[in-house]
Structures are given as C-alpha cells and as structure tokens.
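Dropping run-v1.pdb in here (PDB, N, CA and C atoms, pLDDT in the B column):
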MODEL        1
ATOM      1  N   MET O   1     -32.737  -4.499  -8.124  1.00 52.00           N
ATOM      2  CA  MET O   1     -32.031  -3.942  -6.983  1.00 52.00           C
ATOM      3  C   MET O   1     -31.176  -5.007  -6.296  1.00 52.00           C
ATOM      4  N   LYS O   2     -31.714  -6.197  -6.161  1.00 62.00           N
ATOM      5  CA  LYS O   2     -30.992  -7.264  -5.497  1.00 62.00           C
ATOM      6  C   LYS O   2     -29.684  -7.593  -6.228  1.00 62.00           C
ATOM      7  N   THR O   3     -29.727  -7.571  -7.552  1.00 65.00           N
ATOM      8  CA  THR O   3     -28.529  -7.851  -8.355  1.00 65.00           C
ATOM      9  C   THR O   3     -27.458  -6.808  -8.093  1.00 65.00           C
ATOM     10  N   HIS O   4     -27.866  -5.550  -7.983  1.00 73.00           N
ATOM     11  CA  HIS O   4     -26.926  -4.457  -7.726  1.00 73.00           C
ATOM     12  C   HIS O   4     -26.186  -4.676  -6.398  1.00 73.00           C
ATOM     13  N   VAL O   5     -26.918  -5.052  -5.372  1.00 72.00           N
ATOM     14  CA  VAL O   5     -26.309  -5.318  -4.070  1.00 72.00           C
ATOM     15  C   VAL O   5     -25.347  -6.494  -4.177  1.00 72.00           C
ATOM     16  N   HIS O   6     -25.736  -7.508  -4.921  1.00 75.00           N
ATOM     17  CA  HIS O   6     -24.878  -8.680  -5.099  1.00 75.00           C
ATOM     18  C   HIS O   6     -23.574  -8.283  -5.792  1.00 75.00           C
ATOM     19  N   LYS O   7     -23.670  -7.419  -6.816  1.00 79.00           N
ATOM     20  CA  LYS O   7     -22.476  -6.968  -7.529  1.00 79.00           C
ATOM     21  C   LYS O   7     -21.571  -6.160  -6.605  1.00 79.00           C
ATOM     22  N   GLU O   8     -22.151  -5.313  -5.772  1.00 86.00           N
ATOM     23  CA  GLU O   8     -21.344  -4.524  -4.840  1.00 86.00           C
ATOM     24  C   GLU O   8     -20.637  -5.425  -3.836  1.00 86.00           C
ATOM     25  N   LYS O   9     -21.333  -6.423  -3.325  1.00 85.00           N
ATOM     26  CA  LYS O   9     -20.709  -7.354  -2.385  1.00 85.00           C
ATOM     27  C   LYS O   9     -19.575  -8.119  -3.061  1.00 85.00           C
ATOM     28  N   ARG O  10     -19.807  -8.527  -4.302  1.00 83.00           N
ATOM     29  CA  ARG O  10     -18.768  -9.265  -5.036  1.00 83.00           C
ATOM     30  C   ARG O  10     -17.560  -8.364  -5.286  1.00 83.00           C
ATOM     31  N   ALA O  11     -17.799  -7.115  -5.674  1.00 86.00           N
ATOM     32  CA  ALA O  11     -16.694  -6.171  -5.906  1.00 86.00           C
ATOM     33  C   ALA O  11     -15.927  -5.953  -4.613  1.00 86.00           C
ATOM     34  N   TRP O  12     -16.648  -5.781  -3.501  1.00 85.00           N
ATOM     35  CA  TRP O  12     -15.977  -5.584  -2.220  1.00 85.00           C
ATOM     36  C   TRP O  12     -15.144  -6.820  -1.879  1.00 85.00           C
ATOM     37  N   TRP O  13     -15.697  -8.003  -2.064  1.00 86.00           N
ATOM     38  CA  TRP O  13     -14.988  -9.232  -1.722  1.00 86.00           C
ATOM     39  C   TRP O  13     -13.718  -9.386  -2.564  1.00 86.00           C
ATOM     40  N   LEU O  14     -13.821  -9.107  -3.871  1.00 87.00           N
ATOM     41  CA  LEU O  14     -12.641  -9.218  -4.733  1.00 87.00           C
ATOM     42  C   LEU O  14     -11.569  -8.216  -4.314  1.00 87.00           C
ATOM     43  N   SER O  15     -11.995  -7.017  -3.971  1.00 91.00           N
ATOM     44  CA  SER O  15     -11.061  -5.993  -3.491  1.00 91.00           C
ATOM     45  C   SER O  15     -10.383  -6.444  -2.203  1.00 91.00           C
ATOM     46  N   HIS O  16     -11.178  -6.951  -1.295  1.00 91.00           N
ATOM     47  CA  HIS O  16     -10.649  -7.395  -0.009  1.00 91.00           C
ATOM     48  C   HIS O  16      -9.713  -8.582  -0.196  1.00 91.00           C
ATOM     49  N   GLU O  17     -10.083  -9.478  -1.083  1.00 94.00           N
ATOM     50  CA  GLU O  17      -9.241 -10.639  -1.364  1.00 94.00           C
ATOM     51  C   GLU O  17      -7.902 -10.188  -1.962  1.00 94.00           C
ATOM     52  N   ALA O  18      -7.942  -9.207  -2.859  1.00 92.00           N
ATOM     53  CA  ALA O  18      -6.706  -8.669  -3.438  1.00 92.00           C
ATOM     54  C   ALA O  18      -5.846  -8.037  -2.347  1.00 92.00           C
ATOM     55  N   PHE O  19      -6.469  -7.297  -1.451  1.00 92.00           N
ATOM     56  CA  PHE O  19      -5.736  -6.684  -0.341  1.00 92.00           C
ATOM     57  C   PHE O  19      -5.082  -7.750   0.529  1.00 92.00           C
ATOM     58  N   LEU O  20      -5.822  -8.790   0.864  1.00 94.00           N
ATOM     59  CA  LEU O  20      -5.270  -9.853   1.704  1.00 94.00           C
ATOM     60  C   LEU O  20      -4.102 -10.556   1.009  1.00 94.00           C
ATOM     61  N   THR O  21      -4.212 -10.732  -0.304  1.00 94.00           N
ATOM     62  CA  THR O  21      -3.121 -11.338  -1.065  1.00 94.00           C
ATOM     63  C   THR O  21      -1.879 -10.462  -0.997  1.00 94.00           C
ATOM     64  N   LEU O  22      -2.049  -9.154  -1.232  1.00 92.00           N
ATOM     65  CA  LEU O  22      -0.916  -8.226  -1.145  1.00 92.00           C
ATOM     66  C   LEU O  22      -0.319  -8.224   0.259  1.00 92.00           C
ATOM     67  N   GLN O  23      -1.179  -8.253   1.256  1.00 95.00           N
ATOM     68  CA  GLN O  23      -0.717  -8.260   2.643  1.00 95.00           C
ATOM     69  C   GLN O  23       0.121  -9.504   2.921  1.00 95.00           C
ATOM     70  N   GLU O  24      -0.322 -10.649   2.449  1.00 95.00           N
ATOM     71  CA  GLU O  24       0.409 -11.906   2.654  1.00 95.00           C
ATOM     72  C   GLU O  24       1.755 -11.875   1.941  1.00 95.00           C
ATOM     73  N   LEU O  25       1.766 -11.394   0.697  1.00 94.00           N
ATOM     74  CA  LEU O  25       3.024 -11.310  -0.050  1.00 94.00           C
ATOM     75  C   LEU O  25       3.990 -10.347   0.629  1.00 94.00           C
ATOM     76  N   ALA O  26       3.481  -9.233   1.114  1.00 95.00           N
ATOM     77  CA  ALA O  26       4.328  -8.265   1.820  1.00 95.00           C
ATOM     78  C   ALA O  26       4.886  -8.885   3.100  1.00 95.00           C
ATOM     79  N   ASP O  27       4.039  -9.599   3.828  1.00 95.00           N
ATOM     80  CA  ASP O  27       4.492 -10.259   5.060  1.00 95.00           C
ATOM     81  C   ASP O  27       5.603 -11.271   4.766  1.00 95.00           C
ATOM     82  N   GLN O  28       5.474 -11.996   3.667  1.00 95.00           N
ATOM     83  CA  GLN O  28       6.496 -12.974   3.298  1.00 95.00           C
ATOM     84  C   GLN O  28       7.846 -12.299   3.036  1.00 95.00           C
ATOM     85  N   GLN O  29       7.800 -11.068   2.551  1.00 93.00           N
ATOM     86  CA  GLN O  29       9.026 -10.308   2.281  1.00 93.00           C
ATOM     87  C   GLN O  29       9.488  -9.533   3.510  1.00 93.00           C
ATOM     88  N   GLY O  30       8.669  -9.521   4.573  1.00 95.00           N
ATOM     89  CA  GLY O  30       9.002  -8.767   5.774  1.00 95.00           C
ATOM     90  C   GLY O  30       8.829  -7.270   5.586  1.00 95.00           C
ATOM     91  N   LEU O  31       7.874  -6.880   4.712  1.00 94.00           N
ATOM     92  CA  LEU O  31       7.662  -5.475   4.401  1.00 94.00           C
ATOM     93  C   LEU O  31       6.234  -5.039   4.710  1.00 94.00           C
ATOM     94  N   GLN O  32       6.068  -3.738   4.875  1.00 95.00           N
ATOM     95  CA  GLN O  32       4.729  -3.173   4.920  1.00 95.00           C
ATOM     96  C   GLN O  32       4.183  -3.197   3.493  1.00 95.00           C
ATOM     97  N   ILE O  33       2.867  -3.132   3.341  1.00 93.00           N
ATOM     98  CA  ILE O  33       2.265  -3.203   2.011  1.00 93.00           C
ATOM     99  C   ILE O  33       2.787  -2.081   1.113  1.00 93.00           C
ATOM    100  N   ALA O  34       2.867  -0.859   1.628  1.00 93.00           N
ATOM    101  CA  ALA O  34       3.335   0.268   0.805  1.00 93.00           C
ATOM    102  C   ALA O  34       4.756   0.027   0.290  1.00 93.00           C
ATOM    103  N   ALA O  35       5.621  -0.463   1.149  1.00 94.00           N
ATOM    104  CA  ALA O  35       7.002  -0.738   0.746  1.00 94.00           C
ATOM    105  C   ALA O  35       7.040  -1.875  -0.276  1.00 94.00           C
ATOM    106  N   PHE O  36       6.216  -2.891  -0.065  1.00 94.00           N
ATOM    107  CA  PHE O  36       6.143  -4.013  -1.001  1.00 94.00           C
ATOM    108  C   PHE O  36       5.699  -3.528  -2.381  1.00 94.00           C
ATOM    109  N   LEU O  37       4.665  -2.673  -2.418  1.00 93.00           N
ATOM    110  CA  LEU O  37       4.192  -2.142  -3.696  1.00 93.00           C
ATOM    111  C   LEU O  37       5.253  -1.285  -4.373  1.00 93.00           C
ATOM    112  N   GLU O  38       6.029  -0.570  -3.579  1.00 91.00           N
ATOM    113  CA  GLU O  38       7.110   0.233  -4.138  1.00 91.00           C
ATOM    114  C   GLU O  38       8.163  -0.668  -4.793  1.00 91.00           C
ATOM    115  N   VAL O  39       8.507  -1.756  -4.125  1.00 92.00           N
ATOM    116  CA  VAL O  39       9.485  -2.706  -4.675  1.00 92.00           C
ATOM    117  C   VAL O  39       8.958  -3.301  -5.981  1.00 92.00           C
ATOM    118  N   ILE O  40       7.711  -3.714  -5.978  1.00 92.00           N
ATOM    119  CA  ILE O  40       7.108  -4.297  -7.182  1.00 92.00           C
ATOM    120  C   ILE O  40       7.095  -3.272  -8.318  1.00 92.00           C
ATOM    121  N   SER O  41       6.741  -2.039  -7.992  1.00 89.00           N
ATOM    122  CA  SER O  41       6.709  -0.983  -9.011  1.00 89.00           C
ATOM    123  C   SER O  41       8.092  -0.762  -9.613  1.00 89.00           C
ATOM    124  N   ARG O  42       9.100  -0.748  -8.759  1.00 87.00           N
ATOM    125  CA  ARG O  42      10.474  -0.578  -9.260  1.00 87.00           C
ATOM    126  C   ARG O  42      10.885  -1.723 -10.163  1.00 87.00           C
ATOM    127  N   GLU O  43      10.551  -2.938  -9.745  1.00 89.00           N
ATOM    128  CA  GLU O  43      10.911  -4.106 -10.560  1.00 89.00           C
ATOM    129  C   GLU O  43      10.222  -4.064 -11.920  1.00 89.00           C
ATOM    130  N   LEU O  44       8.954  -3.664 -11.932  1.00 88.00           N
ATOM    131  CA  LEU O  44       8.239  -3.546 -13.203  1.00 88.00           C
ATOM    132  C   LEU O  44       8.839  -2.443 -14.061  1.00 88.00           C
ATOM    133  N   ALA O  45       9.206  -1.337 -13.430  1.00 83.00           N
ATOM    134  CA  ALA O  45       9.811  -0.231 -14.177  1.00 83.00           C
ATOM    135  C   ALA O  45      11.135  -0.657 -14.799  1.00 83.00           C
ATOM    136  N   LEU O  46      11.901  -1.442 -14.072  1.00 84.00           N
ATOM    137  CA  LEU O  46      13.178  -1.925 -14.616  1.00 84.00           C
ATOM    138  C   LEU O  46      12.953  -2.774 -15.868  1.00 84.00           C
ATOM    139  N   GLN O  47      11.857  -3.514 -15.870  1.00 88.00           N
ATOM    140  CA  GLN O  47      11.559  -4.374 -17.010  1.00 88.00           C
ATOM    141  C   GLN O  47      10.998  -3.591 -18.191  1.00 88.00           C
ATOM    142  N   ARG O  48      10.241  -2.522 -17.910  1.00 88.00           N
ATOM    143  CA  ARG O  48       9.500  -1.840 -18.974  1.00 88.00           C
ATOM    144  C   ARG O  48      10.189  -0.613 -19.551  1.00 88.00           C
ATOM    145  N   PHE O  49      10.969   0.109 -18.730  1.00 85.00           N
ATOM    146  CA  PHE O  49      11.502   1.389 -19.167  1.00 85.00           C
ATOM    147  C   PHE O  49      12.989   1.310 -19.491  1.00 85.00           C
ATOM    148  N   SER O  50      13.393   2.126 -20.454  1.00 88.00           N
ATOM    149  CA  SER O  50      14.810   2.219 -20.789  1.00 88.00           C
ATOM    150  C   SER O  50      15.529   2.977 -19.673  1.00 88.00           C
ATOM    151  N   GLU O  51      16.833   2.918 -19.708  1.00 87.00           N
ATOM    152  CA  GLU O  51      17.644   3.623 -18.703  1.00 87.00           C
ATOM    153  C   GLU O  51      17.329   5.125 -18.727  1.00 87.00           C
ATOM    154  N   GLU O  52      17.178   5.674 -19.919  1.00 91.00           N
ATOM    155  CA  GLU O  52      16.880   7.103 -20.068  1.00 91.00           C
ATOM    156  C   GLU O  52      15.517   7.458 -19.460  1.00 91.00           C
ATOM    157  N   GLN O  53      14.520   6.623 -19.704  1.00 88.00           N
ATOM    158  CA  GLN O  53      13.188   6.863 -19.143  1.00 88.00           C
ATOM    159  C   GLN O  53      13.222   6.778 -17.622  1.00 88.00           C
ATOM    160  N   ARG O  54      13.949   5.797 -17.099  1.00 82.00           N
ATOM    161  CA  ARG O  54      14.050   5.663 -15.643  1.00 82.00           C
ATOM    162  C   ARG O  54      14.735   6.878 -15.034  1.00 82.00           C
ATOM    163  N   ALA O  55      15.762   7.398 -15.704  1.00 88.00           N
ATOM    164  CA  ALA O  55      16.468   8.578 -15.202  1.00 88.00           C
ATOM    165  C   ALA O  55      15.539   9.790 -15.178  1.00 88.00           C
ATOM    166  N   ARG O  56      14.712   9.950 -16.218  1.00 90.00           N
ATOM    167  CA  ARG O  56      13.761  11.068 -16.249  1.00 90.00           C
ATOM    168  C   ARG O  56      12.721  10.931 -15.141  1.00 90.00           C
ATOM    169  N   ILE O  57      12.222   9.728 -14.942  1.00 85.00           N
ATOM    170  CA  ILE O  57      11.230   9.490 -13.885  1.00 85.00           C
ATOM    171  C   ILE O  57      11.835   9.782 -12.521  1.00 85.00           C
ATOM    172  N   LYS O  58      13.057   9.322 -12.297  1.00 86.00           N
ATOM    173  CA  LYS O  58      13.729   9.550 -11.019  1.00 86.00           C
ATOM    174  C   LYS O  58      13.951  11.039 -10.788  1.00 86.00           C
ATOM    175  N   ALA O  59      14.374  11.765 -11.823  1.00 92.00           N
ATOM    176  CA  ALA O  59      14.606  13.204 -11.697  1.00 92.00           C
ATOM    177  C   ALA O  59      13.302  13.931 -11.378  1.00 92.00           C
ATOM    178  N   GLU O  60      12.230  13.523 -12.021  1.00 93.00           N
ATOM    179  CA  GLU O  60      10.925  14.141 -11.765  1.00 93.00           C
ATOM    180  C   GLU O  60      10.462  13.852 -10.338  1.00 93.00           C
ATOM    181  N   ALA O  61      10.658  12.634  -9.878  1.00 88.00           N
ATOM    182  CA  ALA O  61      10.271  12.271  -8.511  1.00 88.00           C
ATOM    183  C   ALA O  61      11.077  13.069  -7.495  1.00 88.00           C
ATOM    184  N   GLU O  62      12.370  13.240  -7.749  1.00 92.00           N
ATOM    185  CA  GLU O  62      13.212  14.032  -6.843  1.00 92.00           C
ATOM    186  C   GLU O  62      12.776  15.491  -6.829  1.00 92.00           C
ATOM    187  N   GLN O  63      12.393  16.018  -7.984  1.00 93.00           N
ATOM    188  CA  GLN O  63      11.921  17.396  -8.068  1.00 93.00           C
ATOM    189  C   GLN O  63      10.623  17.571  -7.281  1.00 93.00           C
ATOM    190  N   ILE O  64       9.713  16.640  -7.421  1.00 91.00           N
ATOM    191  CA  ILE O  64       8.442  16.698  -6.689  1.00 91.00           C
ATOM    192  C   ILE O  64       8.698  16.621  -5.189  1.00 91.00           C
ATOM    193  N   ALA O  65       9.591  15.722  -4.783  1.00 90.00           N
ATOM    194  CA  ALA O  65       9.919  15.591  -3.357  1.00 90.00           C
ATOM    195  C   ALA O  65      10.529  16.881  -2.821  1.00 90.00           C
ATOM    196  N   ALA O  66      11.401  17.503  -3.591  1.00 92.00           N
ATOM    197  CA  ALA O  66      12.025  18.761  -3.168  1.00 92.00           C
ATOM    198  C   ALA O  66      10.983  19.869  -3.055  1.00 92.00           C
ATOM    199  N   GLU O  67      10.051  19.924  -4.008  1.00 91.00           N
ATOM    200  CA  GLU O  67       8.990  20.928  -3.956  1.00 91.00           C
ATOM    201  C   GLU O  67       8.101  20.726  -2.743  1.00 91.00           C
ATOM    202  N   ARG O  68       7.795  19.495  -2.430  1.00 90.00           N
ATOM    203  CA  ARG O  68       6.979  19.207  -1.244  1.00 90.00           C
ATOM    204  C   ARG O  68       7.705  19.610   0.029  1.00 90.00           C
ATOM    205  N   GLU O  69       9.001  19.328   0.058  1.00 88.00           N
ATOM    206  CA  GLU O  69       9.792  19.647   1.233  1.00 88.00           C
ATOM    207  C   GLU O  69       9.847  21.171   1.445  1.00 88.00           C
ATOM    208  N   THR O  70      10.031  21.926   0.384  1.00 89.00           N
ATOM    209  CA  THR O  70      10.105  23.384   0.518  1.00 89.00           C
ATOM    210  C   THR O  70       8.745  23.985   0.840  1.00 89.00           C
ATOM    211  N   SER O  71       7.672  23.365   0.374  1.00 86.00           N
ATOM    212  CA  SER O  71       6.334  23.911   0.666  1.00 86.00           C
ATOM    213  C   SER O  71       5.901  23.625   2.106  1.00 86.00           C
ATOM    214  N   THR O  72       6.450  22.574   2.720  1.00 80.00           N
ATOM    215  CA  THR O  72       6.097  22.268   4.118  1.00 80.00           C
ATOM    216  C   THR O  72       7.028  22.952   5.106  1.00 80.00           C
ATOM    217  N   SER O  73       8.127  23.506   4.623  1.00 71.00           N
ATOM    218  CA  SER O  73       9.096  24.157   5.523  1.00 71.00           C
ATOM    219  C   SER O  73       8.668  25.565   5.854  1.00 71.00           C
TER     220      SER O  73
ENDMDL
END
In structure tokens, write the structure found in this file.
Amino acid sequence: MKTHVHKEKRAWWLSHEAFLTLQELADQQGLQIAAFLEVISRELALQRFSEEQRARIKAEAEQIAAERETSTS
C-alpha cells in the first residue's frame, strides 16, 4: 500500500512539474497556457502534415466551430 501512495505522489509531482514548465514557457511568450499550447500544436502540425492535410484539418475545425455556434444560438 505504501508503494502505491508513493507512486501516486510521484505521478502528481511529475504532472505538476510539467504544468509549471508549461506555465513558465507560456509566460516567457506573454501567453496564457491554452494559447501557448495552441501555438505549439500549430507549429508541430506545420512540421508533420502536408498542406493538403492541414487544409482538411482546418476545414473540419471550421465546420465543428460552425456547428457549435448554431447549436448555442
């Protein structure tokens, strides 16, 4: 049982440490964490996806946003 508690504390600490790292990096950029993660995601997508794949992803995201907007109206 004691080992289990130790593992949970370690997992929590690593999670918290990762959060603090993201928070510091976002602060250095002058961004909120969510905006910082969005920028990082876009940069990774630019590196990994072809122009065609990015266009499909963007179109799908716009469609989802439009559906959300119409469902809340």
(request) Given the file shown, enumerate the residues that the PyMOL selection byres (((chain O and resi 39-44 and name CA) around 12) and name CA) captures and present them as an NGL selection string. (result) :O and (22 or 25-26 or 29 or 31-38 or 45-50 or 54 or 57-58)
(request) Calculate how many Å separate CA of Gln23 in chain O from CA of Arg68 in chain O, rounding to one decimal. (result)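 Separating CA of Gln23 in chain O from CA of Arg68 in chain O is a distance of 28.8 Å.
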(message) One number please: atom N of Glu51 in chain O to atom N of Glu69 in chain O, in Å, one decimal.
(response)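 Separation of atom N of Glu51 in chain O and atom N of Glu69 in chain O: 26.9 Å.
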(request) One decimal, Å: what's the distance from CA of Leu14 in chain O over to atom N of Asp27 in chain O, could you say? (result) 18.8 Å
Starting from the incomplete input, reconstruct N, CA, C and O atoms of range 18-35 of chain O and report them as a short mmCIF file (atom, residue, chain, number, x, y, z; two decimals), in the frame of the given file.
data_model
loop_
_atom_site.label_atom_id
_atom_site.label_comp_id
_atom_site.auth_asym_id
_atom_site.auth_seq_id
_atom_site.Cartn_x
_atom_site.Cartn_y
_atom_site.Cartn_z
N ALA O 18 -7.94 -9.21 -2.86
CA ALA O 18 -6.71 -8.67 -3.44
C ALA O 18 -5.85 -8.04 -2.35
O ALA O 18 -4.63 -8.23 -2.32
N PHE O 19 -6.47 -7.30 -1.45
CA PHE O 19 -5.74 -6.68 -0.34
C PHE O 19 -5.08 -7.75 0.53
O PHE O 19 -3.90 -7.63 0.89
N LEU O 20 -5.82 -8.79 0.86
CA LEU O 20 -5.27 -9.85 1.70
C LEU O 20 -4.10 -10.56 1.01
O LEU O 20 -3.12 -10.91 1.66
N THR O 21 -4.21 -10.73 -0.30
CA THR O 21 -3.12 -11.34 -1.06
C THR O 21 -1.88 -10.46 -1.00
O THR O 21 -0.77 -10.95 -0.74
N LEU O 22 -2.05 -9.15 -1.23
CA LEU O 22 -0.92 -8.23 -1.14
C LEU O 22 -0.32 -8.22 0.26
O LEU O 22 0.90 -8.19 0.43
N GLN O 23 -1.18 -8.25 1.26
CA GLN O 23 -0.72 -8.26 2.64
C GLN O 23 0.12 -9.50 2.92
O GLN O 23 1.19 -9.42 3.54
N GLU O 24 -0.32 -10.65 2.45
CA GLU O 24 0.41 -11.91 2.65
C GLU O 24 1.76 -11.88 1.94
O GLU O 24 2.78 -12.27 2.50
N LEU O 25 1.77 -11.39 0.70
CA LEU O 25 3.02 -11.31 -0.05
C LEU O 25 3.99 -10.35 0.63
O LEU O 25 5.19 -10.62 0.71
N ALA O 26 3.48 -9.23 1.11
CA ALA O 26 4.33 -8.26 1.82
C ALA O 26 4.89 -8.88 3.10
O ALA O 26 6.07 -8.72 3.41
N ASP O 27 4.04 -9.60 3.83
CA ASP O 27 4.49 -10.26 5.06
C ASP O 27 5.60 -11.27 4.77
O ASP O 27 6.56 -11.38 5.53
N GLN O 28 5.47 -12.00 3.67
CA GLN O 28 6.50 -12.97 3.30
C GLN O 28 7.85 -12.30 3.04
O GLN O 28 8.89 -12.89 3.29
N GLN O 29 7.80 -11.07 2.55
CA GLN O 29 9.03 -10.31 2.28
C GLN O 29 9.49 -9.53 3.51
O GLN O 29 10.55 -8.91 3.50
N GLY O 30 8.67 -9.52 4.57
CA GLY O 30 9.00 -8.77 5.77
C GLY O 30 8.83 -7.27 5.59
O GLY O 30 9.53 -6.47 6.20
N LEU O 31 7.87 -6.88 4.71
CA LEU O 31 7.66 -5.48 4.40
C LEU O 31 6.23 -5.04 4.71
O LEU O 31 5.33 -5.87 4.76
N GLN O 32 6.07 -3.74 4.88
CA GLN O 32 4.73 -3.17 4.92
C GLN O 32 4.18 -3.20 3.49
O GLN O 32 4.95 -3.25 2.53
N ILE O 33 2.87 -3.13 3.34
CA ILE O 33 2.26 -3.20 2.01
C ILE O 33 2.79 -2.08 1.11
O ILE O 33 3.12 -2.32 -0.05
N ALA O 34 2.87 -0.86 1.63
CA ALA O 34 3.34 0.27 0.80
C ALA O 34 4.76 0.03 0.29
O ALA O 34 5.05 0.27 -0.89
N ALA O 35 5.62 -0.46 1.15
CA ALA O 35 7.00 -0.74 0.75
C ALA O 35 7.04 -1.88 -0.28
O ALA O 35 7.80 -1.83 -1.24
#
